[in-house]
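Raw start_24.pdb, PDB, C-alpha atoms:
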```
ATOM      1  CA  MET A   1      25.219  11.798  17.766
ATOM      2  CA  HIS A   2      26.875   9.314  20.105
ATOM      3  CA  GLU A   3      28.965   6.639  18.454
ATOM      4  CA  ASP A   4      31.592   5.117  20.686
ATOM      5  CA  ALA A   5      33.294   1.829  19.856
ATOM      6  CA  GLN A   6      32.359  -0.475  22.712
ATOM      7  CA  SER A   7      33.721  -3.866  23.720
ATOM      8  CA  ASP A   8      31.987  -6.837  22.129
ATOM      9  CA  ARG A   9      29.532  -7.480  24.909
ATOM     10  CA  GLU A  10      25.830  -8.242  24.762
ATOM     11  CA  PRO A  11      23.873  -4.978  25.189
ATOM     12  CA  ALA A  12      21.449  -4.709  28.073
ATOM     13  CA  ARG A  13      17.827  -5.063  27.002
ATOM     14  CA  SER A  14      15.735  -2.039  27.873
ATOM     15  CA  SER A  15      12.708  -0.102  26.765
ATOM     16  CA  ASP A  16      14.655   2.950  25.543
ATOM     17  CA  ARG A  17      15.219   1.335  22.111
ATOM     18  CA  LYS A  18      18.932   1.963  22.182
ATOM     19  CA  MET A  19      20.407   1.106  18.806
ATOM     20  CA  TRP A  20      23.559  -1.008  18.602
ATOM     21  CA  LEU A  21      25.558  -1.814  15.484
ATOM     22  CA  PHE A  22      27.950  -4.757  15.627
ATOM     23  CA  SER A  23      30.648  -4.454  12.986
ATOM     24  CA  GLY A  24      34.363  -5.032  12.519
ATOM     25  CA  PRO A  25      37.325  -2.793  11.703
ATOM     26  CA  LEU A  26      37.595  -4.297   8.206
ATOM     27  CA  SER A  27      33.940  -5.108   7.547
ATOM     28  CA  MET A  28      32.961  -3.622   4.189
ATOM     29  CA  PHE A  29      29.305  -4.428   4.835
ATOM     30  CA  GLY A  30      29.373  -3.006   8.343
ATOM     31  CA  ALA A  31      30.982   0.174   7.024
ATOM     32  CA  LYS A  32      28.110   0.604   4.565
ATOM     33  CA  VAL A  33      25.661   0.629   7.463
ATOM     34  CA  GLN A  34      27.820   2.982   9.537
ATOM     35  CA  ILE A  35      27.927   5.519   6.723
ATOM     36  CA  ALA A  36      24.156   5.359   6.271
ATOM     37  CA  LEU A  37      23.643   5.880  10.019
ATOM     38  CA  HIS A  38      25.886   8.950   9.937
ATOM     39  CA  GLU A  39      24.210  10.335   6.812
ATOM     40  CA  LYS A  40      20.844  10.024   8.536
ATOM     41  CA  ASN A  41      22.203  11.347  11.850
ATOM     42  CA  ILE A  42      20.820   8.358  13.767
ATOM     43  CA  ASP A  43      22.112   7.882  17.299
ATOM     44  CA  PHE A  44      23.770   4.482  17.799
ATOM     45  CA  GLU A  45      26.457   2.624  19.708
ATOM     46  CA  LEU A  46      29.153   0.950  17.619
ATOM     47  CA  VAL A  47      30.580  -2.358  18.790
ATOM     48  CA  MET A  48      33.704  -3.557  17.036
ATOM     49  CA  VAL A  49      33.569  -7.315  17.314
ATOM     50  CA  SER A  50      36.640  -9.315  18.297
ATOM     51  CA  PHE A  51      37.474 -11.841  15.601
ATOM     52  CA  THR A  52      40.376 -14.120  14.716
ATOM     53  CA  MET A  53      40.736 -16.528  11.804
ATOM     54  CA  LYS A  54      41.520 -19.300  14.284
ATOM     55  CA  GLU A  55      38.736 -18.786  16.823
ATOM     56  CA  GLY A  56      36.140 -16.718  14.972
ATOM     57  CA  TYR A  57      33.892 -14.541  17.105
ATOM     58  CA  ALA A  58      33.903 -14.587  20.888
ATOM     59  CA  PRO A  59      31.816 -17.415  22.427
ATOM     60  CA  LYS A  60      28.148 -16.549  23.037
ATOM     61  CA  HIS A  61      28.585 -13.336  21.118
ATOM     62  CA  PRO A  62      25.273 -11.790  19.969
ATOM     63  CA  VAL A  63      26.476 -11.984  16.360
ATOM     64  CA  LEU A  64      26.530 -15.774  16.650
ATOM     65  CA  ARG A  65      23.111 -15.825  18.293
ATOM     66  CA  ILE A  66      21.416 -13.483  15.825
ATOM     67  CA  ASN A  67      23.023 -14.217  12.461
ATOM     68  CA  PRO A  68      23.037 -17.836  11.222
ATOM     69  CA  LYS A  69      25.835 -16.846   8.814
ATOM     70  CA  ARG A  70      27.973 -15.862  11.825
ATOM     71  CA  GLN A  71      28.927 -12.522  10.265
ATOM     72  CA  VAL A  72      28.692  -8.799  10.916
ATOM     73  CA  PRO A  73      26.932  -6.432  10.605
ATOM     74  CA  VAL A  74      24.182  -7.062  13.120
ATOM     75  CA  LEU A  75      21.794  -4.335  14.285
ATOM     76  CA  ILE A  76      19.909  -4.379  17.581
ATOM     77  CA  ASP A  77      17.257  -1.711  18.041
ATOM     78  CA  GLY A  78      15.240  -2.298  21.184
ATOM     79  CA  ASP A  79      13.695  -5.726  20.711
ATOM     80  CA  LEU A  80      14.484  -5.859  17.008
ATOM     81  CA  GLU A  81      17.509  -7.893  15.937
ATOM     82  CA  ILE A  82      18.441  -8.023  12.235
ATOM     83  CA  PHE A  83      21.443  -8.724  10.034
ATOM     84  CA  ASP A  84      22.578  -8.185   6.421
ATOM     85  CA  SER A  85      23.679  -4.703   5.412
ATOM     86  CA  THR A  86      20.940  -4.205   2.816
ATOM     87  CA  GLN A  87      18.166  -5.338   5.158
ATOM     88  CA  ILE A  88      19.514  -3.061   7.869
ATOM     89  CA  PHE A  89      19.638  -0.144   5.467
ATOM     90  CA  GLU A  90      16.044  -0.716   4.368
ATOM     91  CA  TYR A  91      15.045  -0.584   8.024
ATOM     92  CA  LEU A  92      16.958   2.667   8.554
ATOM     93  CA  GLU A  93      15.261   4.183   5.516
ATOM     94  CA  ASP A  94      11.859   3.219   6.942
ATOM     95  CA  ILE A  95      12.424   4.607  10.435
ATOM     96  CA  LYS A  96      14.121   7.800   9.222
ATOM     97  CA  PRO A  97      13.210   8.562   5.599
ATOM     98  CA  ASP A  98      14.727  12.059   5.742
ATOM     99  CA  PRO A  99      17.336  12.522   4.435
ATOM    100  CA  ALA A 100      16.399   9.957   1.833
ATOM    101  CA  LEU A 101      19.061   7.575   0.584
ATOM    102  CA  TRP A 102      16.769   5.958  -1.973
ATOM    103  CA  PRO A 103      15.055   7.921  -4.767
ATOM    104  CA  ALA A 104      11.318   8.503  -4.332
ATOM    105  CA  ALA A 105      10.253   7.407  -7.833
ATOM    106  CA  PRO A 106       9.707   3.615  -8.025
ATOM    107  CA  ALA A 107      11.765   3.096 -11.201
ATOM    108  CA  ALA A 108      14.675   5.194  -9.939
ATOM    109  CA  ARG A 109      14.565   3.423  -6.592
ATOM    110  CA  ALA A 110      14.567   0.019  -8.268
ATOM    111  CA  TRP A 111      17.557   1.053 -10.384
ATOM    112  CA  CYS A 112      19.540   2.160  -7.334
ATOM    113  CA  ARG A 113      18.656  -1.064  -5.564
ATOM    114  CA  ARG A 114      19.990  -2.958  -8.553
ATOM    115  CA  LEU A 115      23.244  -0.983  -8.475
ATOM    116  CA  GLU A 116      23.664  -1.660  -4.765
ATOM    117  CA  HIS A 117      22.991  -5.366  -5.301
ATOM    118  CA  GLU A 118      25.489  -5.554  -8.167
ATOM    119  CA  SER A 119      28.188  -3.928  -6.032
ATOM    120  CA  ASP A 120      27.783  -6.723  -3.498
ATOM    121  CA  GLU A 121      27.025  -9.689  -5.721
ATOM    122  CA  VAL A 122      28.612  -8.955  -9.128
ATOM    123  CA  TYR A 123      31.659  -6.775  -8.416
ATOM    124  CA  PHE A 124      32.715  -7.778  -4.904
ATOM    125  CA  PRO A 125      33.094 -11.557  -5.546
ATOM    126  CA  ASP A 126      36.065 -10.720  -7.774
ATOM    127  CA  ILE A 127      37.611  -8.762  -4.923
ATOM    128  CA  ILE A 128      37.025 -11.672  -2.559
ATOM    129  CA  LYS A 129      38.866 -13.867  -5.049
ATOM    130  CA  LEU A 130      41.801 -11.441  -4.958
ATOM    131  CA  MET A 131      41.773 -11.562  -1.160
ATOM    132  CA  GLN A 132      42.062 -15.336  -1.347
ATOM    133  CA  LEU A 133      44.936 -15.123  -3.850
ATOM    134  CA  TRP A 134      46.804 -12.153  -2.407
ATOM    135  CA  LYS A 135      49.988 -14.206  -2.009
ATOM    136  CA  THR A 136      49.889 -15.258  -5.671
ATOM    137  CA  PRO A 137      48.859 -12.134  -7.630
ATOM    138  CA  ARG A 138      50.031 -13.668 -10.928
ATOM    139  CA  ASP A 139      47.710 -16.629 -10.569
ATOM    140  CA  PRO A 140      45.492 -16.807 -13.683
ATOM    141  CA  ALA A 141      42.405 -16.635 -11.465
ATOM    142  CA  ALA A 142      43.700 -13.407  -9.902
ATOM    143  CA  GLU A 143      44.437 -11.892 -13.297
ATOM    144  CA  LEU A 144      40.933 -12.824 -14.452
ATOM    145  CA  ALA A 145      39.445 -11.202 -11.341
ATOM    146  CA  ARG A 146      41.329  -7.960 -12.001
ATOM    147  CA  GLU A 147      40.179  -7.970 -15.612
ATOM    148  CA  SER A 148      36.598  -8.497 -14.480
ATOM    149  CA  ALA A 149      36.891  -5.609 -12.012
ATOM    150  CA  ALA A 150      38.274  -3.335 -14.750
ATOM    151  CA  ALA A 151      35.356  -4.251 -17.007
ATOM    152  CA  TYR A 152      32.963  -3.408 -14.175
ATOM    153  CA  TYR A 153      34.601   0.005 -13.772
ATOM    154  CA  ARG A 154      34.062   0.710 -17.453
ATOM    155  CA  THR A 155      30.401  -0.184 -17.045
ATOM    156  CA  MET A 156      30.052   2.080 -14.012
ATOM    157  CA  GLU A 157      31.785   4.921 -15.861
ATOM    158  CA  SER A 158      28.968   4.698 -18.391
ATOM    159  CA  VAL A 159      26.327   4.430 -15.673
ATOM    160  CA  LEU A 160      27.658   7.558 -13.966
ATOM    161  CA  GLY A 161      27.879   9.596 -17.157
ATOM    162  CA  ASP A 162      27.833  13.311 -16.415
ATOM    163  CA  ARG A 163      25.902  12.953 -13.161
ATOM    164  CA  GLU A 164      27.214  13.598  -9.677
ATOM    165  CA  HIS A 165      26.103  10.216  -8.337
ATOM    166  CA  LEU A 166      25.428   6.750  -9.703
ATOM    167  CA  GLY A 167      21.654   6.900  -9.466
ATOM    168  CA  GLY A 168      21.312  10.633 -10.044
ATOM    169  CA  ALA A 169      20.836  11.724  -6.435
ATOM    170  CA  TYR A 170      23.177  10.485  -3.712
ATOM    171  CA  SER A 171      22.007   7.094  -2.500
ATOM    172  CA  PHE A 172      22.939   3.852  -0.795
ATOM    173  CA  ALA A 173      24.115   2.643  -4.217
ATOM    174  CA  ASP A 174      26.976   5.155  -3.997
ATOM    175  CA  ILE A 175      27.842   4.048  -0.473
ATOM    176  CA  ALA A 176      27.869   0.376  -1.457
ATOM    177  CA  PHE A 177      30.105   0.774  -4.490
ATOM    178  CA  TYR A 178      32.471   3.170  -2.727
ATOM    179  CA  MET A 179      33.127   0.721   0.089
ATOM    180  CA  ALA A 180      33.434  -2.272  -2.224
ATOM    181  CA  GLN A 181      35.830  -0.382  -4.488
ATOM    182  CA  LEU A 182      37.935   0.674  -1.504
ATOM    183  CA  PHE A 183      38.689  -3.012  -0.995
ATOM    184  CA  GLY A 184      39.239  -3.443  -4.713
ATOM    185  CA  ALA A 185      41.880  -0.718  -4.601
ATOM    186  CA  ARG A 186      43.563  -2.468  -1.671
ATOM    187  CA  MET A 187      43.647  -5.777  -3.529
ATOM    188  CA  GLY A 188      45.353  -4.460  -6.652
ATOM    189  CA  ALA A 189      42.218  -3.860  -8.706
ATOM    190  CA  ASP A 190      42.065  -0.073  -8.515
ATOM    191  CA  MET A 191      40.417   2.266 -10.977
ATOM    192  CA  THR A 192      42.671   4.031 -13.483
ATOM    193  CA  GLY A 193      42.627   6.975 -15.850
ATOM    194  CA  GLU A 194      40.468   4.810 -18.088
ATOM    195  CA  THR A 195      37.503   5.912 -15.947
ATOM    196  CA  PRO A 196      38.141   9.624 -15.163
ATOM    197  CA  ARG A 197      34.565  10.461 -14.181
ATOM    198  CA  LEU A 198      34.483   7.553 -11.759
ATOM    199  CA  LEU A 199      37.719   8.767 -10.195
ATOM    200  CA  GLN A 200      36.158  12.202  -9.695
ATOM    201  CA  TRP A 201      33.084  10.543  -8.183
ATOM    202  CA  ARG A 202      35.348   8.735  -5.708
ATOM    203  CA  GLN A 203      36.939  12.047  -4.707
ATOM    204  CA  ARG A 204      33.502  13.526  -4.045
ATOM    205  CA  MET A 205      32.531  10.496  -2.003
ATOM    206  CA  THR A 206      35.710  10.599   0.079
ATOM    207  CA  ALA A 207      35.055  14.271   0.866
ATOM    208  CA  ARG A 208      31.661  13.513   2.418
ATOM    209  CA  PRO A 209      31.913  13.832   6.243
ATOM    210  CA  ALA A 210      29.878  10.675   6.870
ATOM    211  CA  VAL A 211      32.082   8.671   4.512
ATOM    212  CA  ILE A 212      35.469   9.762   5.808
ATOM    213  CA  LYS A 213      34.213   9.324   9.385
ATOM    214  CA  VAL A 214      34.101   5.603   8.599
ATOM    215  CA  ALA A 215      36.783   5.201   5.926
ATOM    216  CA  GLY A 216      39.328   7.220   7.921
ATOM    217  CA  PRO A 217      39.384   4.918  10.978
ATOM    218  CA  MET A 218      39.449   1.914   8.639
ATOM    219  CA  ALA A 219      42.572   3.334   6.982
ATOM    220  CA  ASP A 220      44.109   3.987  10.402
ATOM    221  CA  TYR A 221      43.414   0.387  11.418
ATOM    222  CA  LEU A 222      45.053  -0.897   8.237
ATOM    223  CA  ARG A 223      48.154   1.162   9.002
ATOM    224  CA  SER A 224      48.236  -0.132  12.577
ATOM    225  CA  GLN A 225      48.306  -3.685  11.223
ATOM    226  CA  GLY A 226      51.000  -2.935   8.659
ATOM    227  CA  LEU A 227      48.520  -3.393   5.802
ATOM    228  CA  SER A 228      48.234  -1.375   2.618
ATOM    229  CA  VAL A 229      46.013   1.718   2.466
ATOM    230  CA  PRO A 230      44.534   2.942  -0.823
ATOM    231  CA  ALA A 231      46.370   6.047  -1.994
ATOM    232  CA  PHE A 232      43.165   8.054  -2.286
ATOM    233  CA  LEU A 233      42.636   7.692   1.485
ATOM    234  CA  SER A 234      46.140   8.594   2.599
ATOM    235  CA  PRO A 235      45.707  12.409   2.609
ATOM    236  CA  LYS A 236      42.306  12.138   4.333
ATOM    237  CA  ALA A 237      42.791   9.555   7.064
ATOM    238  CA  THR A 238      44.661  11.352   9.792
TER
END
```
Can you turn what I pasted into structure tokens?
Amino acid sequence: MHEDAQSDREPARSSDRKMWLFSGPLSMFGAKVQIALHEKNIDFELVMVSFTMKEGYAPKHPVLRINPKRQVPVLIDGDLEIFDSTQIFEYLEDIKPDPALWPAAPAARAWCRRLEHESDEVYFPDIIKLMQLWKTPRDPAAELARESAAAYYRTMESVLGDREHLGGAYSFADIAFYMAQLFGARMGADMTGETPRLLQWRQRMTARPAVIKVAGPMADYLRSQGLSVPAFLSPKAT
């Protein structure tokens, strides 16, 4: 596998179908795609996109051209250009179904898709709220967001039950919730002893080579910026 972080330049168009992933050092959604690419052992070039709150992405950057939402991740594979982490993952599953990261049975697959969607659209909005209120953690809206996250953890503890992974077999649902919860831990909405099986699940996830290959550099970047790193990553990210 060849995955070198390149500068944020437009890739040359060619017939060799070189795959490029445009992400960012703190992109939760880009990290989801990176992990899936590593799990499937797909060759790709990683481009960490330059971004500032003042100027946004670099002018004429392919992210701006391809994604109307002006966000990463963006995937370029030959002549194909797509965005949105879930759409990209579905494409990866189609072009390389083995190893599978969705269950084969329709009902089980639909359930895992629901879990992945809820990680992004039900759980993560509370974490975004905490990001917006990080300077005022005692704000009632921040306290409500933490309470909502804790309630979600209790639900996921029940979903996990005695199984190794959220949907039974390891899937993209696990990847999605792991990355979202990593940001939850950073924002003061970490899991506690109230959900012991979920904590054990997180340990298993962190031990996966494809996961720590992405989460480790993210933790290193956080340290380089003087930002907090979740305690569960500290012994792993070296």
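Atom CA of Tyr123 of chain A lies 20.3 Å from atom CA of Thr136 of chain A.
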I need the residue nearest Ala173 of chain A from this list: A:Lys213, A:His38, A:His117, A:Arg138. Use only C-alpha atoms for the distance.
A:His117
Among A:Ile35, A:Cys112, A:Ala189, A:Ile212, Ser148 of chain A is approached most closely, using all atoms listed in the file, by A:Ala189
Find the residue from A:Phe44, A:Val72, A:Ala141, A:Met156 that sits nearest to Glu118 of chain A; use only C-alpha atoms when measuring.
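Comparing A:Phe44, A:Val72, A:Ala141, A:Met156 against Glu118 of chain A, the winner is A:Met156.
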Considering only C-alpha atoms, state which residue in the set A:Leu92, A:Ala169, A:Leu101, A:Leu198 is at the smallest distance from Ile42 of chain A.
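For Ile42 of chain A, the nearest of the given residues is A:Leu92.
Atom CA of Ala36 of chain A to atom CA of Glu90 of chain A spans 10.3 Å [interatomic distance, one decimal].
Atom pair atom CA of Leu199 of chain A / atom CA of Ile175 of chain A: separated by 14.6 Å.
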Check which residues satisfy the PyMOL selection byres ((chain A and resi 191) around 10) in the file shown, then give them as a list in words.
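Given this file, the PyMOL selection byres ((chain A and resi 191) around 10) evaluates to Ala149, Ala150, Tyr152, Tyr153, Arg154, Gln181, Leu182, Gly184, Ala185, Gly188, Ala189, Asp190, Thr192, Gly193, Glu194, Thr195, Pro196, Leu198, Leu199 and Arg202 of chain A.
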Given the PyMOL selection byres ((chain A and resi 98) around 12), the residues it picks as a list of chain:residue names:
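Checked against the file, the PyMOL selection byres ((chain A and resi 98) around 12) matches A:Ala36, A:Leu37, A:Glu39, A:Lys40, A:Asn41, A:Ile42, A:Leu92, A:Glu93, A:Asp94, A:Ile95, A:Lys96, A:Pro97, A:Pro99, A:Ala100, A:Leu101, A:Trp102, A:Pro103, A:Ala104.
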Given the file above and the PyMOL selection byres ((chain A and resi 217) around 12), which residues are selected, and can you give them as JSON, numbers by chain?
{"A": [5, 24, 25, 26, 27, 31, 34, 48, 210, 211, 212, 213, 214, 215, 216, 218, 219, 220, 221, 222, 223, 224, 229, 233, 234, 236, 237, 238]}
Considering only C-alpha atoms, state which residue in the set A:Ser158, A:Gln132, A:Gln203, A:Ser85 is at the smallest distance from Glu116 of chain A.
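For Glu116 of chain A, the nearest of the given residues is A:Ser85.
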Quick one: residues within 7 Å of Met179 of chain A, only C-alpha atoms counted, chain neighbours fewer than 4 positions away excluded, as a VMD selection string?
chain A and resid 28 32 175 183
Find, counting only C-alpha atoms, the residue in A:Val33, A:Thr86, A:Asp139, A:Asp43 that gets nearest to Glu121 of chain A.
A:Thr86
Distance query Phe22 of chain A at most 6 Å, all atoms listed in the file, self and fewer than 3 positions along chain excluded, as a list in words
Val47, Pro73 and Val74 of chain A
